[in-house]
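Contents: one structure, followed by commentary.
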Amino acid sequence: MPLKVKGQVEAVLTKPAGARGFPMRNAVLGSWARTGVVAAIFVLILGSIAALGATGRLGDLRYLNIPLIHPWPPAGYPQNPCNPSDRGDLVNSAEAAKVKADLVSDGQIELQATRTGDGSHLAEADTGNNLVRLRSVLARNAADGVTEDFTNQITKVTVGKLADPNDPNVTWSVEEIGTSRITYSRTSDGSVVRTQLTKFDDRFWLVEQSGHYLITDVQVNSQVIS
């Protein structure tokens with residue numbers, strides 16, 4: 001019985017590896033493939049460290065983008081477009097999308113107010129300095145007996161974080177670039193007084209109140225084209 005067991009063990013040990021099929025070969029090849037990937041990533045890391053060291057920017061190592069291991073910027077947090085020099089300044093893309101959407105709805109309320117001269121809904125879109133400004137615009141238009149109708153063509157929108165110069169605690173900001181055709185009409189009979197075409201590069205600051213972002217400050221930069 002002991003000799004029989006010994007013979008069985010020897011037969012297993014001396015059986016050629018090739019006779020056991022492909023699993024062994026695949027395991028070896030798979031191991032080499034994994035080793036090659038790891039080696040390539042290691043070379044990439046070392047190369048990046050060397051490059052940053054040569055330029056005196058080892059502090060940027062934490063911003064190194066290594067797919068699967070250390071992606072940068074992380075998913076859902078792009079770099080703040082209002083502060084491109086700081087790679088560590090990130091914004092929440094989902095929140096930025098909400099800010100942009102709320103600005104659009106706020107803008108529709110403002111356009112309706114200037115078109116009709118009725119500012120009763122402005123508090124649903126504006127607060128702070130901008131609410132005061134728009135109410136002043138409506139009062140001036142009422143005194144002049146006119147309304148303003150804006151037709152905007154927006155070519156670029158940038159959402160990010162930039163401190164409001166009037167309140168550093170307010171940081172969500174949206175820049176809009178485009179053109180606007182403004183039609184001034186008499187409130188008495190609706191006849192058109194004049195029209196003008198302007199190009200603009202305006203910046204808005206928004207603050208959240210009860211789950212909605214309201215416009216609190218605006219930096220207007222416009223130029224009359226015709």
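All residue names refer to the structure tokens as shown: chains lettered A, B, ... in order, residues numbered from 1 in each chain, ligands numbered from 1 in order.
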Open item on the list: Show me, as a PyMOL selection string, the residues that have an atom within 8 Å of Lys156 of chain A when counting only C-alpha atoms, minus same-chain residues fewer than 5 positions from it.
Closed with: chain A and resi 175-178
Go through segment 168-189 of chain A residue by residue and, counting only C-alpha atoms, keep those with an atom at most 9 Å from segment 96-110 of chain A; for each kept residue give the shortest atom pair and its distance in Å to one decimal, ordered by chain and increasing number, as a tab-separated table.
residue	atom	partner	partner_atom	distance
A:Trp172	CA	A:Val99	CA	7.5
A:Ser173	CA	A:Val99	CA	8.3
A:Val174	CA	A:Lys100	CA	7.2
- [ ] May I ask which of the residues A:Trp72, A:Gln153, A:Gly190, A:Thr179 is the closest one to Thr116 of chain A, counting only C-alpha atoms?
- [x]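 Among the listed residues, the smallest separation from Thr116 of chain A belongs to A:Gly190.
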Task: Closest of A:Asn141, A:Asn92, A:Thr216, A:Ser180 to Phe204 of chain A - atom-to-atom distances counting only C-alpha atoms - done: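 Between A:Asn141, A:Asn92, A:Thr216, A:Ser180, the residue approaching Phe204 of chain A most closely is A:Thr216.
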- [ ] as a VMD selection string, list the residues of segment 119-159 of chain A assigned to strand (DSSP E or B) by DSSP on the backbone atoms of this structure.
- [x] chain A and resid 126 146 to 159
- [ ] Work out how far apart atom CA of Trp205 of chain A and atom CA of Pro78 of chain A are and give it in Å to one decimal.
- [x] 19.5 Å
Task: Those in segment 85-152 of chain A with alpha helix (DSSP H) from DSSP, as JSON, numbers by chain - done: {"A": [93, 94, 95, 96, 97, 98, 99, 100, 101, 102, 103, 104, 105, 106, 107, 108, 109, 110, 111, 112, 113, 114, 115, 116, 128, 129, 130, 131, 132, 133, 134, 135, 136, 137, 138, 139, 140, 141, 142, 143, 144]}
Open item on the list: Using only C-alpha atoms for the distances, tell me which of A:Arg181, A:His212, A:Arg140, A:Arg203 is nearest to Asn152 of chain A.
Closed with: A:Arg181
TODO: Pick out the closest residue to Asn130 of chain A from this set: A:Ser226, A:Gln219, A:Val159, A:Tyr63. Count only C-alpha atoms.
DONE: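 Among the listed residues, A:Gln219 lies closest to Asn130 of chain A.
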Task: Separation of atom CA of Glu148 of chain A from atom CA of Glu208 of chain A, in Å and rounded to one decimal - done: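 Distance reported for this atom pair: 27.8 Å.
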Task: Among the residues A:Ala75, A:Ala94, A:Leu131, A:Ala143, the one that comes closest to Arg186 of chain A [using only C-alpha atoms] - done: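 Of the candidates, the smallest distance to Arg186 of chain A is held by A:Ala143.
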